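Asker: Following this message is one structure expressed as structure tokens.
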Amino acid sequence: MKVRTRMAPSPTGDMHVGSLAITLKNYAFARRHHGQFILRIEDTDKVREVDDGIEAIQRILKQYSLDWDEGPNVGGKFGPYIQSQRLAIYQEKAEELIAKGKAYHCFCTRERLQEVKEKQQAEKTPPKYDGFCRNLSSEEVKKKLDQKIESVIRLKVPENKEIKFIDLIRGEIVVNSDTVNDQVLMKSDGYPTYHLAVVVDDHLMEITHIMRGEEWISSTPKHILLYEAFDWELPIFAHIPIFLNPDGKGKMSKRKGTVSAQSFLDRGYLPEALLNFFMILGWARPDDVEIMSMVDYIERFDPADVSSKSVVFDIKKLDWINGIYIRKLESSELKQKIEKFLPNDFPKDKLDSILILVRERLERLSDIEELTSFFYRDIQLHDDAKKMLLKKSNVEEVLTQIEQTKSQLLEIEDWNTANIEEAVRKLQENKEWKKNQFFMMLRVAVTGRKATPPLFETIEIIGKKFTLERLNQAIKFLSN
RNA sequence: GGCCCCAUCGUCUAGCGGUUAGGACACCAGGUUCUCAUCCUGGCAGCCAGAGUUCGAUUCUCUGUGGGGUCACCA
């Protein structure tokens with residue numbers, strides 16, 4: 001099977017994770033069938049375009065290792081791959097449609113359009129272009145064109161016609177053409193709209209499978225009409241369900257959290273982990289295995305197997321996957337990847353030994369600060385700490401315990417885990433203190449927390465000087 | 001509101017007329033353990049509703065309900 005897929009983002013801002021997830025599917029399917037994955041930049045909206053947008057798209061895709069076979073900076077025989085460099089093509093195709101009677105010039109002002117819309121809203125009829133310019137004579141059109149009256153080109157949607165297409169995921173979808181608007185194809189600034197450009201380019205670039213977000217279903221009839229008007233063969237459509245907000249309400253949006261593909265990297269998610277999460281969101285392997293490599297995925301992914309329902313973006317599951325990927329990293333890889341999440345005051349010389357202790361506790365790389373700050377920052381003991389220190393005991397006993405631990409630790413010459421453990425355990429055994437109470441008390445005194453990595457290793461890293469200081473701090477705290 | 005799409009545990013998903021409705025995350029309990037985490041064991045929890053088709057519907061059809069998308073010279 002010949003397969004050519006594409007991703008066609010517009011440079012209007014940070015790439016949304018939903019786009020990234022769809023990119024993954026296009027990428028994997030093309031790879032699976034030894035086809036091509038094309039990156040095409042749809043920069044036809046000059047108003048919303050942002051500086052650096054085109055570069056940013058390429059940068060983020062590279063960070064997620066989704067490379068393209070044809071596209072900007074790579075080339076290919078169907079270029080250029082940036083739509084603003086293809087304006088002549090769209091112009092020509094639009095003219096062709098007019099010549100065929102499938103499209104027409106429209107000279108309506110925005111004001112008139114606005115009035116029509118308001119009137120329709122007031123009458124509660126569906127807002128639609130009223131066809132005012134649909135049947136202008138060629139003389140009238142020519143005259144207005146000569147007068148340089150601003151105009152657009154609209155699609156001449158046939159009346160009361162069934163428009164049918166097959167969606168790979170949902171099956172046949174039928175829409176009556178009366179519900180389709182006479183869509184603008186060419187804007188007055190000479191740029192095509194998405195609808196014209198996408199159809200022209202997908203055809204010219206010989207795209208075989210269009211995998212795009214579900215939000216495009218309702219405009220697909222317009223595209224079908226265009227393919228028919230041009231007498232072009234239809235590609236295969238697969239509309240991928242969209243992501244819902246974690247609360248299940250509405251399309252995943254900025255309002256309810258950070259949604260850019262970049263932001264997940266910034267928050268300490270590994271690219272492979274996010275991608276793996278996308279793989280199993282709305283799609284499952286027959287053997288139910290959920291953690292898989294890109295190679296595994298490419299071997300199996302078929303858009304026809306994608307679930308047809310919108311899916312909730314479950315951060316908890318992502319966290320779980322991310323934790324697995326972090327634990328799978330080699331120490332050297334983890335060290336290198338976590339570098340940029342280390343706070344400035346992090347003692348780099350202790351990084352190796354600290355990482356050994358916390359690596360299986362990391363869900364995101366960015367957890368490192370929260371998980372390890374007590375190793376190198378002063379700790380504060382508050383009311384909560386008091387409760388924890390005195391749990392299952394009383395002030396006198398705890399003070400005694402701390403004092404005696406202090407003197408034991410003081411005697412240690414060679415400050416290492418084994419010696420610390422021996423000293424502390426012996427003390428506990430000789431005095432017959434309750435294990436749980438004593439160790440928890442010590443943990444809180446030394447770290448200020450009740451959940452930490454193993455105590456003796458932790459004490460070793462904190463160091464003799466600071467450990468003793470903290471014990472003194474605890475004594476003072478309890479004596480007040 | 002019109003049009004379109006969708007509907008299995010809280011979440012993701014398997015199922016494709018006859019199953020004790022399976023798995024994963026989350027949650028809970030137990031084990032390991034100095035706490036947490038990891039790891040292991042177990043548990044809780046689901047077919048939106050109503051008709052119809054059928055010997056038999058989670059599965060097919062219709063209606064309802066609910067959710068979502070879309071109605072721009074934005075993509």
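By order in the structure tokens, chains are A, B, ...; within a chain, residues start at 1; ligands start at 1, following the order shown.
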Identify all chain A residues at most 7 Å from chain B by counting only C-alpha atoms (C1' of nucleotides); ligands do not count. Present them as a ChimeraX atom specification.

Answerer: /A:10,45,124,126,152,179,184,187-188,194,215,218,250,281-282,284,288,308-309,314,316-317,360-361,436,439-440,450-453,455

Asker: Store the residues picked out above in a file with C-alpha atoms, as an mmCIF file, in the first residue's frame.

Answerer:
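Okay, this is what ended up in again_7.cif:
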data_model
loop_
_atom_site.group_PDB
_atom_site.id
_atom_site.type_symbol
_atom_site.label_atom_id
_atom_site.label_comp_id
_atom_site.auth_asym_id
_atom_site.auth_seq_id
_atom_site.Cartn_x
_atom_site.Cartn_y
_atom_site.Cartn_z
ATOM 1 C CA SER A 10 -0.149 26.685 11.158
ATOM 2 C CA ASP A 45 -3.442 33.488 8.103
ATOM 3 C CA LYS A 124 -32.903 31.925 14.570
ATOM 4 C CA PRO A 126 -28.673 28.952 10.696
ATOM 5 C CA VAL A 152 -13.210 37.026 -2.330
ATOM 6 C CA THR A 179 -26.178 22.857 5.640
ATOM 7 C CA VAL A 184 -14.639 31.553 1.097
ATOM 8 C CA LYS A 187 -9.460 35.827 0.740
ATOM 9 C CA SER A 188 -9.295 39.409 -0.386
ATOM 10 C CA TYR A 194 -7.497 26.554 4.741
ATOM 11 C CA GLU A 215 -13.017 19.077 14.733
ATOM 12 C CA SER A 218 -17.888 19.275 9.826
ATOM 13 C CA GLY A 250 -14.838 20.346 26.724
ATOM 14 C CA LEU A 281 -4.882 6.977 24.440
ATOM 15 C CA GLY A 282 -7.714 5.869 22.194
ATOM 16 C CA ALA A 284 -4.936 -0.509 22.343
ATOM 17 C CA ASP A 288 -2.925 -5.200 26.082
ATOM 18 C CA SER A 308 -14.103 6.844 17.911
ATOM 19 C CA LYS A 309 -14.813 8.627 21.148
ATOM 20 C CA ASP A 314 -5.578 11.558 32.170
ATOM 21 C CA LYS A 316 -2.281 10.475 36.361
ATOM 22 C CA LYS A 317 -1.690 7.845 33.743
ATOM 23 C CA GLU A 360 12.558 5.588 41.721
ATOM 24 C CA ARG A 361 10.653 8.342 43.463
ATOM 25 C CA ASN A 436 9.215 2.734 64.206
ATOM 26 C CA PHE A 439 13.509 5.943 63.239
ATOM 27 C CA MET A 440 10.619 8.194 62.338
ATOM 28 C CA LYS A 450 8.141 12.022 57.280
ATOM 29 C CA ALA A 451 8.768 10.639 53.793
ATOM 30 C CA THR A 452 12.333 10.461 52.612
ATOM 31 C CA PRO A 453 14.753 8.061 51.010
ATOM 32 C CA LEU A 455 17.475 7.085 56.528
#

Asker: Applying 8 Å and only C-alpha atoms (C1' of nucleotides), which residues near range 381-391 of chain A remain after dropping the ones on its own chain fewer than 4 positions away? List them as a list in words.

Answerer: Val395, Val398, Gln437, Met440, Met441, Leu442, Val444, Ala445, Gly448, Arg449, Lys450, Ala474, Phe477 and Leu478 of chain A

Asker: Which residues come within 12 Å of Lys256 in chain A, counting only C-alpha atoms (C1' of nucleotides), excluding same-chain residues fewer than 4 positions away, as a PyMOL selection string?

Answerer: chain A and resi 244-252+313

Asker: Would you please extract all alpha helix (DSSP H) residues from range 47-156 of chain A, as assigned by DSSP on the backbone, and give them as a ChimeraX atom specification?

Answerer: /A:53-63,87-99,110-122,138-146

Asker: Please report the interatomic distance between CA of Ile291 in chain A and CA of Ser307 in chain A in Å with one decimal.

Answerer: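 A separation of 18.4 Å between them.
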
Asker: Would you mind listing what lies within 10 Å of Phe466 in chain A as a compact mmCIF listing (two decimals) with N, CA and C atoms, in the first residue's frame, with only C-alpha atoms (C1' of nucleotides) counted and same-chain residues fewer than 4 positions away left out?

Answerer:
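Result saved to result36.txt:
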# COMPACT_ATOMS: atom_id res chain seq x y z
N PHE A 375 18.36 17.95 51.47
CA PHE A 375 19.76 17.51 51.47
C PHE A 375 20.70 18.71 51.58
N TYR A 376 20.28 19.82 51.04
CA TYR A 376 21.22 20.95 50.96
C TYR A 376 20.66 22.29 51.44
N ASP A 378 18.53 24.56 54.50
CA ASP A 378 18.13 24.52 55.90
C ASP A 378 16.68 24.07 56.00
N VAL A 446 16.08 15.08 61.29
CA VAL A 446 17.19 15.32 60.37
C VAL A 446 16.74 15.91 59.04
N ILE A 459 21.35 10.29 55.74
CA ILE A 459 22.19 10.94 56.75
C ILE A 459 23.63 11.06 56.24
N ILE A 461 24.61 11.43 53.19
CA ILE A 461 24.74 12.50 52.21
C ILE A 461 24.61 13.88 52.85
N ILE A 462 23.73 13.98 53.81
CA ILE A 462 23.58 15.28 54.47
C ILE A 462 24.90 15.67 55.14
N ARG A 470 21.36 19.66 62.83
CA ARG A 470 19.90 19.49 62.78
C ARG A 470 19.39 18.80 64.04
N LEU A 471 20.19 17.91 64.58
CA LEU A 471 19.77 17.28 65.83
C LEU A 471 19.72 18.34 66.94
N ASN A 472 20.70 19.22 66.93
CA ASN A 472 20.68 20.32 67.90
C ASN A 472 19.47 21.21 67.71

Asker: Between CA of Arg6 in chain A and CA of Leu39 in chain A, what is the distance in Å, rounded to a tenth?

Answerer: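 CA of Arg6 in chain A sits 5.7 Å away from CA of Leu39 in chain A.
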
Asker: Quick one: distance from CA of Phe456 in chain A to CA of Glu421 in chain A in Å, one decimal?

Answerer: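 Here the two named atoms are 5.7 Å from each other.
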
Asker: If you run DSSP on the backbone here, which positions in range 88-168 of chain A get strand (DSSP E)? Please write them as a PyMOL selection string.

Answerer: chain A and resi 103-106+152-155+162-167

Asker: For C44 in chain B, which of B:U63, B:U20, B:A29, B:G15 is the closest residue, counting only C-alpha atoms (C1' of nucleotides)?

Answerer: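 Once distances to C44 in chain B are computed over only C-alpha atoms (C1' of nucleotides), the minimum belongs to B:A29.
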
Asker: In terms of the shortest atom-to-atom distance over only C-alpha atoms, which of A:Gly18, A:Pro192, A:Pro286, A:Gly76 is closest to Gln36 in chain A?

Answerer: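 Of A:Gly18, A:Pro192, A:Pro286, A:Gly76, the one nearest Gln36 in chain A is A:Gly76, counting only C-alpha atoms.
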